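S.K.: entry17.csv (CSV, N, CA and C atoms) pasted underneath:
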```
chain,number,residue,atom,x,y,z
A,268,MET,N,-15.3,-4.8,-12.4
A,268,MET,CA,-15.2,-3.3,-12.3
A,268,MET,C,-13.9,-3.1,-11.5
A,269,PRO,N,-13.0,-2.3,-11.9
A,269,PRO,CA,-11.7,-2.0,-11.2
A,269,PRO,C,-12.0,-1.2,-9.9
A,270,GLU,N,-11.2,-1.6,-8.9
A,270,GLU,CA,-11.3,-0.8,-7.6
A,270,GLU,C,-10.7,0.6,-7.8
A,271,SER,N,-11.4,1.5,-7.2
A,271,SER,CA,-10.9,2.9,-7.3
A,271,SER,C,-10.0,3.2,-6.0
A,272,LYS,N,-9.0,4.1,-6.2
A,272,LYS,CA,-8.2,4.5,-5.1
A,272,LYS,C,-9.1,5.3,-4.1
A,273,SER,N,-9.0,5.1,-2.9
A,273,SER,CA,-9.8,5.7,-1.9
A,273,SER,C,-9.3,7.1,-1.5
A,274,ASP,N,-10.2,8.0,-1.1
A,274,ASP,CA,-9.8,9.2,-0.6
A,274,ASP,C,-9.3,8.9,0.8
A,275,VAL,N,-8.4,9.7,1.3
A,275,VAL,CA,-7.8,9.5,2.7
A,275,VAL,C,-8.9,10.0,3.7
A,276,LEU,N,-9.3,9.1,4.6
A,276,LEU,CA,-10.2,9.5,5.6
A,276,LEU,C,-9.7,10.6,6.5
A,277,GLN,N,-10.5,11.6,6.8
A,277,GLN,CA,-10.1,12.7,7.6
A,277,GLN,C,-9.3,12.2,8.8
A,278,GLY,N,-8.1,12.8,9.0
A,278,GLY,CA,-7.4,12.5,10.2
A,278,GLY,C,-6.4,11.3,10.1
A,279,THR,N,-6.6,10.5,9.0
A,279,THR,CA,-5.7,9.3,8.9
A,279,THR,C,-4.3,9.7,8.3
A,280,LEU,N,-4.3,10.7,7.4
A,280,LEU,CA,-3.1,11.0,6.7
A,280,LEU,C,-2.0,11.4,7.7
A,281,ASP,N,-2.3,12.2,8.7
A,281,ASP,CA,-1.3,12.6,9.7
A,281,ASP,C,-0.6,11.3,10.3
A,282,LEU,N,-1.4,10.4,10.7
A,282,LEU,CA,-0.9,9.2,11.3
A,282,LEU,C,-0.1,8.4,10.3
A,283,MET,N,-0.5,8.3,9.1
A,283,MET,CA,0.2,7.5,8.0
A,283,MET,C,1.6,8.2,7.8
A,284,VAL,N,1.6,9.5,7.8
A,284,VAL,CA,2.9,10.2,7.6
A,284,VAL,C,3.8,10.0,8.8
A,285,LEU,N,3.3,10.1,10.0
A,285,LEU,CA,4.1,10.0,11.2
A,285,LEU,C,4.6,8.5,11.3
A,286,LYS,N,3.8,7.5,11.1
A,286,LYS,CA,4.2,6.2,11.1
A,286,LYS,C,5.3,5.8,10.1
A,287,THR,N,5.1,6.4,8.9
A,287,THR,CA,6.1,6.2,7.8
A,287,THR,C,7.4,6.7,8.2
A,288,LEU,N,7.4,7.9,8.7
A,288,LEU,CA,8.7,8.5,9.1
A,288,LEU,C,9.3,7.8,10.3
A,289,GLU,N,8.5,7.2,11.2
A,289,GLU,CA,9.0,6.4,12.3
A,289,GLU,C,9.7,5.2,11.7
A,290,SER,N,9.1,4.5,10.8
A,290,SER,CA,9.7,3.3,10.3
A,290,SER,C,10.8,3.5,9.2
A,291,MET,N,10.7,4.5,8.4
A,291,MET,CA,11.7,4.7,7.3
A,291,MET,C,12.8,5.7,7.6
A,292,GLY,N,12.6,6.6,8.6
A,292,GLY,CA,13.5,7.7,8.8
A,292,GLY,C,13.2,8.9,7.9
A,293,PRO,N,14.1,9.9,7.8
A,293,PRO,CA,13.8,11.1,7.0
A,293,PRO,C,13.5,10.7,5.6
A,294,LEU,N,12.4,11.4,5.0
A,294,LEU,CA,12.0,11.2,3.6
A,294,LEU,C,11.5,12.6,3.1
A,295,HIS,N,11.6,12.8,1.8
A,295,HIS,CA,11.1,14.0,1.2
A,295,HIS,C,9.6,13.6,0.9
A,296,GLY,N,8.8,14.7,0.5
A,296,GLY,CA,7.4,14.5,0.3
A,296,GLY,C,7.0,13.5,-0.7
A,297,TYR,N,7.7,13.5,-1.8
A,297,TYR,CA,7.4,12.6,-2.9
A,297,TYR,C,7.7,11.2,-2.4
A,298,GLY,N,8.8,10.9,-1.7
A,298,GLY,CA,9.1,9.6,-1.2
A,298,GLY,C,8.1,9.1,-0.2
A,299,LEU,N,7.6,10.1,0.7
A,299,LEU,CA,6.6,9.7,1.6
A,299,LEU,C,5.3,9.3,0.9
A,300,ALA,N,4.9,10.1,-0.1
A,300,ALA,CA,3.7,9.8,-0.8
A,300,ALA,C,3.7,8.4,-1.4
A,301,ARG,N,4.9,8.1,-2.1
A,301,ARG,CA,5.0,6.8,-2.8
A,301,ARG,C,5.0,5.7,-1.8
A,302,ARG,N,5.7,5.9,-0.6
A,302,ARG,CA,5.8,4.8,0.4
A,302,ARG,C,4.4,4.5,1.0
A,303,ILE,N,3.6,5.6,1.2
A,303,ILE,CA,2.2,5.4,1.7
A,303,ILE,C,1.4,4.6,0.7
A,304,GLU,N,1.5,5.0,-0.5
A,304,GLU,CA,0.8,4.2,-1.6
A,304,GLU,C,1.2,2.8,-1.6
A,305,GLN,N,2.5,2.5,-1.5
A,305,GLN,CA,3.0,1.2,-1.5
A,305,GLN,C,2.5,0.3,-0.3
A,306,VAL,N,2.6,0.9,0.9
A,306,VAL,CA,2.1,0.2,2.0
A,306,VAL,C,0.6,-0.1,1.9
A,307,SER,N,-0.1,0.9,1.4
A,307,SER,CA,-1.6,0.7,1.2
A,307,SER,C,-2.0,-0.2,0.1
A,308,GLU,N,-1.0,-0.8,-0.6
A,308,GLU,CA,-1.2,-1.6,-1.8
A,308,GLU,C,-1.9,-0.8,-2.9
A,309,ASN,N,-1.6,0.5,-3.0
A,309,ASN,CA,-2.2,1.4,-4.0
A,309,ASN,C,-3.7,1.6,-3.8
A,310,THR,N,-4.2,1.5,-2.6
A,310,THR,CA,-5.6,1.8,-2.4
A,310,THR,C,-5.7,3.3,-2.0
A,311,VAL,N,-4.6,3.9,-1.6
A,311,VAL,CA,-4.5,5.3,-1.2
A,311,VAL,C,-3.6,6.0,-2.3
A,312,SER,N,-4.1,7.0,-2.9
A,312,SER,CA,-3.4,7.8,-3.8
A,312,SER,C,-3.1,9.2,-3.3
A,313,LEU,N,-1.9,9.6,-3.2
A,313,LEU,CA,-1.6,10.9,-2.7
A,313,LEU,C,-0.9,11.8,-3.8
A,314,ASN,N,-1.4,13.0,-4.0
A,314,ASN,CA,-0.7,13.9,-4.9
A,314,ASN,C,-0.1,15.1,-4.1
A,315,GLN,N,0.5,16.0,-4.9
A,315,GLN,CA,1.2,17.1,-4.2
A,315,GLN,C,0.2,18.0,-3.4
A,316,GLY,N,-1.0,18.1,-3.9
A,316,GLY,CA,-2.0,18.9,-3.2
A,316,GLY,C,-2.5,18.3,-2.0
A,317,THR,N,-2.2,17.0,-1.7
A,317,THR,CA,-2.6,16.3,-0.5
A,317,THR,C,-1.4,16.2,0.5
A,318,ILE,N,-0.2,15.8,0.0
A,318,ILE,CA,0.9,15.5,0.9
A,318,ILE,C,1.5,16.7,1.5
A,319,TYR,N,1.7,17.7,0.6
A,319,TYR,CA,2.5,18.9,1.1
A,319,TYR,C,1.7,19.8,2.1
A,320,PRO,N,0.4,20.0,1.9
A,320,PRO,CA,-0.4,20.7,3.0
A,320,PRO,C,-0.3,19.9,4.3
A,321,ALA,N,-0.4,18.6,4.2
A,321,ALA,CA,-0.3,17.8,5.4
A,321,ALA,C,1.1,17.9,6.1
A,322,LEU,N,2.1,17.9,5.3
A,322,LEU,CA,3.5,18.1,5.9
A,322,LEU,C,3.6,19.5,6.5
A,323,LEU,N,3.1,20.5,5.9
A,323,LEU,CA,3.1,21.9,6.4
A,323,LEU,C,2.4,21.9,7.8
A,324,ARG,N,1.2,21.3,7.8
A,324,ARG,CA,0.4,21.2,9.0
A,324,ARG,C,1.2,20.5,10.2
A,325,LEU,N,1.8,19.4,9.8
A,325,LEU,CA,2.6,18.7,10.8
A,325,LEU,C,3.8,19.5,11.3
A,326,GLU,N,4.4,20.2,10.4
A,326,GLU,CA,5.6,21.1,10.8
A,326,GLU,C,5.1,22.2,11.7
A,327,GLN,N,3.9,22.8,11.4
A,327,GLN,CA,3.4,23.9,12.2
A,327,GLN,C,3.0,23.3,13.6
A,328,ARG,N,2.7,22.1,13.7
A,328,ARG,CA,2.4,21.5,15.0
A,328,ARG,C,3.6,21.0,15.7
A,329,ALA,N,4.8,21.1,15.1
A,329,ALA,CA,6.1,20.7,15.6
A,329,ALA,C,6.1,19.1,15.8
A,330,TRP,N,5.4,18.4,15.0
A,330,TRP,CA,5.4,16.9,15.0
A,330,TRP,C,6.5,16.4,14.0
A,331,VAL,N,6.8,17.2,13.0
A,331,VAL,CA,7.9,16.9,12.1
A,331,VAL,C,8.7,18.1,11.9
A,332,LYS,N,10.0,17.9,11.5
A,332,LYS,CA,10.8,19.0,11.1
A,332,LYS,C,11.3,18.8,9.7
A,333,GLY,N,11.5,19.8,9.0
A,333,GLY,CA,12.0,19.7,7.6
A,333,GLY,C,13.3,20.4,7.5
A,334,GLU,N,14.2,19.7,6.7
A,334,GLU,CA,15.5,20.2,6.4
A,334,GLU,C,15.8,20.0,5.0
A,335,TRP,N,16.4,21.0,4.3
A,335,TRP,CA,16.7,20.9,2.9
A,335,TRP,C,18.0,20.0,2.7
A,336,GLY,N,17.9,19.2,1.7
A,336,GLY,CA,19.0,18.3,1.3
A,336,GLY,C,18.9,18.0,-0.2
A,337,THR,N,19.6,17.0,-0.6
A,337,THR,CA,19.6,16.6,-2.0
A,337,THR,C,19.0,15.2,-2.1
A,338,SER,N,18.0,15.1,-3.1
A,338,SER,CA,17.4,13.8,-3.3
A,338,SER,C,18.3,12.8,-4.0
A,339,GLU,N,17.8,11.6,-4.1
A,339,GLU,CA,18.6,10.6,-4.9
A,339,GLU,C,18.8,10.9,-6.3
A,340,THR,N,17.9,11.8,-6.9
A,340,THR,CA,18.1,12.2,-8.3
A,340,THR,C,18.9,13.5,-8.4
A,341,GLY,N,19.5,14.0,-7.3
A,341,GLY,CA,20.3,15.2,-7.3
A,341,GLY,C,19.6,16.5,-7.2
A,342,ARG,N,18.3,16.4,-7.0
A,342,ARG,CA,17.5,17.7,-6.9
A,342,ARG,C,17.4,18.1,-5.4
A,343,ARG,N,17.2,19.4,-5.2
A,343,ARG,CA,17.1,20.0,-3.9
A,343,ARG,C,15.7,19.5,-3.4
A,344,ALA,N,15.6,19.0,-2.2
A,344,ALA,CA,14.4,18.5,-1.6
A,344,ALA,C,14.4,18.8,-0.1
A,345,LYS,N,13.2,18.9,0.4
A,345,LYS,CA,13.0,19.1,1.8
A,345,LYS,C,12.7,17.7,2.4
A,346,PHE,N,13.6,17.3,3.4
A,346,PHE,CA,13.5,16.0,4.0
A,346,PHE,C,12.8,16.2,5.4
A,347,TYR,N,11.8,15.4,5.7
A,347,TYR,CA,11.1,15.5,6.9
A,347,TYR,C,11.4,14.4,7.8
A,348,SER,N,11.5,14.7,9.1
A,348,SER,CA,11.8,13.7,10.2
A,348,SER,C,10.9,14.0,11.4
A,349,LEU,N,10.7,12.9,12.2
A,349,LEU,CA,9.9,13.1,13.4
A,349,LEU,C,10.6,13.9,14.5
A,350,THR,N,9.8,14.6,15.2
A,350,THR,CA,10.4,15.3,16.4
A,350,THR,C,9.9,14.5,17.6
A,351,ARG,N,10.4,14.9,18.8
A,351,ARG,CA,10.0,14.2,20.0
A,351,ARG,C,8.5,14.2,20.2
A,352,SER,N,7.9,15.4,20.0
A,352,SER,CA,6.5,15.5,20.2
A,352,SER,C,5.7,14.8,19.1
A,353,GLY,N,6.3,14.6,17.9
A,353,GLY,CA,5.7,13.7,16.9
A,353,GLY,C,5.7,12.3,17.3
A,354,ARG,N,6.7,11.8,18.0
A,354,ARG,CA,6.7,10.4,18.5
A,354,ARG,C,5.6,10.3,19.6
A,355,LYS,N,5.4,11.3,20.4
A,355,LYS,CA,4.4,11.2,21.4
A,355,LYS,C,3.0,11.2,20.7
A,356,GLN,N,2.9,12.0,19.7
A,356,GLN,CA,1.6,12.1,19.0
A,356,GLN,C,1.2,10.7,18.3
A,357,ILE,N,2.2,10.0,17.9
A,357,ILE,CA,2.0,8.7,17.3
A,357,ILE,C,1.2,7.8,18.3
A,358,ALA,N,1.7,7.8,19.5
A,358,ALA,CA,1.1,7.0,20.6
A,358,ALA,C,-0.4,7.4,20.8
A,359,GLN,N,-0.6,8.7,20.9
A,359,GLN,CA,-2.0,9.2,21.1
A,359,GLN,C,-2.9,8.9,19.9
A,360,GLU,N,-2.4,9.1,18.7
A,360,GLU,CA,-3.2,8.9,17.5
A,360,GLU,C,-3.5,7.4,17.3
A,361,THR,N,-2.5,6.6,17.6
A,361,THR,CA,-2.7,5.1,17.5
A,361,THR,C,-3.8,4.7,18.5
A,362,GLU,N,-3.7,5.2,19.7
A,362,GLU,CA,-4.7,4.8,20.7
A,362,GLU,C,-6.1,5.2,20.2
A,363,ASN,N,-6.2,6.5,19.7
A,363,ASN,CA,-7.5,7.0,19.1
A,363,ASN,C,-8.0,6.1,18.0
A,364,TRP,N,-7.2,5.7,17.1
A,364,TRP,CA,-7.6,4.9,15.9
A,364,TRP,C,-7.9,3.5,16.4
A,365,GLU,N,-7.2,2.9,17.3
A,365,GLU,CA,-7.6,1.6,17.8
A,365,GLU,C,-9.0,1.6,18.5
A,366,ARG,N,-9.3,2.7,19.2
A,366,ARG,CA,-10.6,2.8,19.8
A,366,ARG,C,-11.7,2.9,18.7
A,367,VAL,N,-11.4,3.8,17.7
A,367,VAL,CA,-12.4,3.9,16.6
A,367,VAL,C,-12.6,2.6,15.8
A,368,ALA,N,-11.5,1.9,15.6
A,368,ALA,CA,-11.6,0.6,14.9
A,368,ALA,C,-12.4,-0.4,15.7
A,369,ALA,N,-12.2,-0.5,17.0
A,369,ALA,CA,-12.9,-1.4,17.8
A,369,ALA,C,-14.4,-1.1,17.8
A,370,THR,N,-14.7,0.2,17.8
A,370,THR,CA,-16.1,0.6,17.8
A,370,THR,C,-16.7,0.2,16.5
A,371,MET,N,-16.0,0.5,15.4
A,371,MET,CA,-16.6,0.1,14.1
A,371,MET,C,-16.7,-1.4,13.9
A,372,ALA,N,-15.8,-2.1,14.5
A,372,ALA,CA,-15.8,-3.6,14.4
A,372,ALA,C,-17.1,-4.1,15.1
A,373,ARG,N,-17.5,-3.4,16.2
A,373,ARG,CA,-18.8,-3.8,16.8
A,373,ARG,C,-20.0,-3.6,15.9
A,374,PHE,N,-20.0,-2.6,15.1
A,374,PHE,CA,-21.1,-2.3,14.2
A,374,PHE,C,-21.0,-3.2,13.0
A,375,LEU,N,-19.9,-3.6,12.6
A,375,LEU,CA,-19.8,-4.4,11.4
A,375,LEU,C,-20.0,-5.9,11.7
A,376,ALA,N,-19.8,-6.3,12.9
A,376,ALA,CA,-20.1,-7.7,13.3
A,376,ALA,C,-21.6,-8.0,13.4
A,377,PRO,N,-22.0,-9.2,13.1
A,377,PRO,CA,-23.4,-9.5,13.2
A,377,PRO,C,-23.9,-9.2,14.6
A,378,PHE,N,-25.1,-8.6,14.7
A,378,PHE,CA,-25.7,-8.4,16.0
A,378,PHE,C,-26.3,-9.7,16.5
A,379,SER,N,-26.1,-9.8,17.8
A,379,SER,CA,-26.7,-11.1,18.4
A,379,SER,C,-27.9,-10.8,19.3
```
For the structure just supplied, provide its representation as structure tokens.
M.R.:
Amino acid sequence: MPESKSDVLQGTLDLMVLKTLESMGPLHGYGLARRIEQVSENTVSLNQGTIYPALLRLEQRAWVKGEWGTSETGRRAKFYSLTRSGRKQIAQETENWERVAATMARFLAPFS
């Protein structure tokens, strides 16, 4: 039976976007979505209805800023980059997810 692409767990997409921008630099929405899919080894699938609302939310929180430019195909595209507060948020979100992962690991490990 083929594996299905998973839905993005609530709250994970923001961190995935922020970390991708941190490592790759400014990207447009389509490029961000494809890079996240690539890093997840295609276990996460992002469409326009997922990535663009997330980018809008991150812009409204001032964690990313968007600037219009030209894509590699010559089309007009909005490129997103991290802000200073976005970099701070990465640290907070990473700490939160490490705590959640450690908690879940305790439940997934055999009880003694």
S.K.: Taking the backbone alone, and naming residues the way the document does, which bits of chain A are helix (DSSP H, G or I) by DSSP, as JSON, numbers by chain?
M.R.: {"A": [279, 280, 281, 282, 283, 284, 285, 286, 287, 288, 289, 290, 291, 296, 297, 298, 299, 300, 301, 302, 303, 304, 305, 306, 315, 316, 317, 318, 319, 320, 321, 322, 323, 324, 325, 326, 327, 351, 352, 353, 354, 355, 356, 357, 358, 359, 360, 361, 362, 363, 364, 365, 366, 367, 368, 369, 370, 371, 372, 373, 374, 375]}
S.K.: Could you go through chain A and tell me which residues DSSP, when run on the backbone, assigns to strand (DSSP E or B), listing them as a ChimeraX atom specification?
M.R.: /A:273,294-295,311,331-337,343-349
S.K.: Might you pull out every residue within 6 Å of range 345-353 of chain A, with all atoms listed in the file counted and same-chain residues fewer than 2 positions away left off, and present them as a ChimeraX atom specification?
M.R.: /A:288,292-296,329-336,343,355-357
S.K.: At what distance in Å, to one decimal, does CA of Thr279 in chain A lie from CA of Gln305 in chain A?
M.R.: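 Atom-to-atom, CA of Gln305 in chain A and CA of Thr279 in chain A are spaced 15.8 Å apart.
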S.K.: Have a look at atom N of Tyr297 in chain A and atom N of Ala344 in chain A and let me know their distance in Å, one decimal.
M.R.: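 Computing it gives 9.6 Å between the two atoms.
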S.K.: For atom N of Pro377 in chain A and atom N of Glu365 in chain A, quote the distance in Å rounded to one decimal.
M.R.: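 These atoms are spaced 19.6 Å apart.
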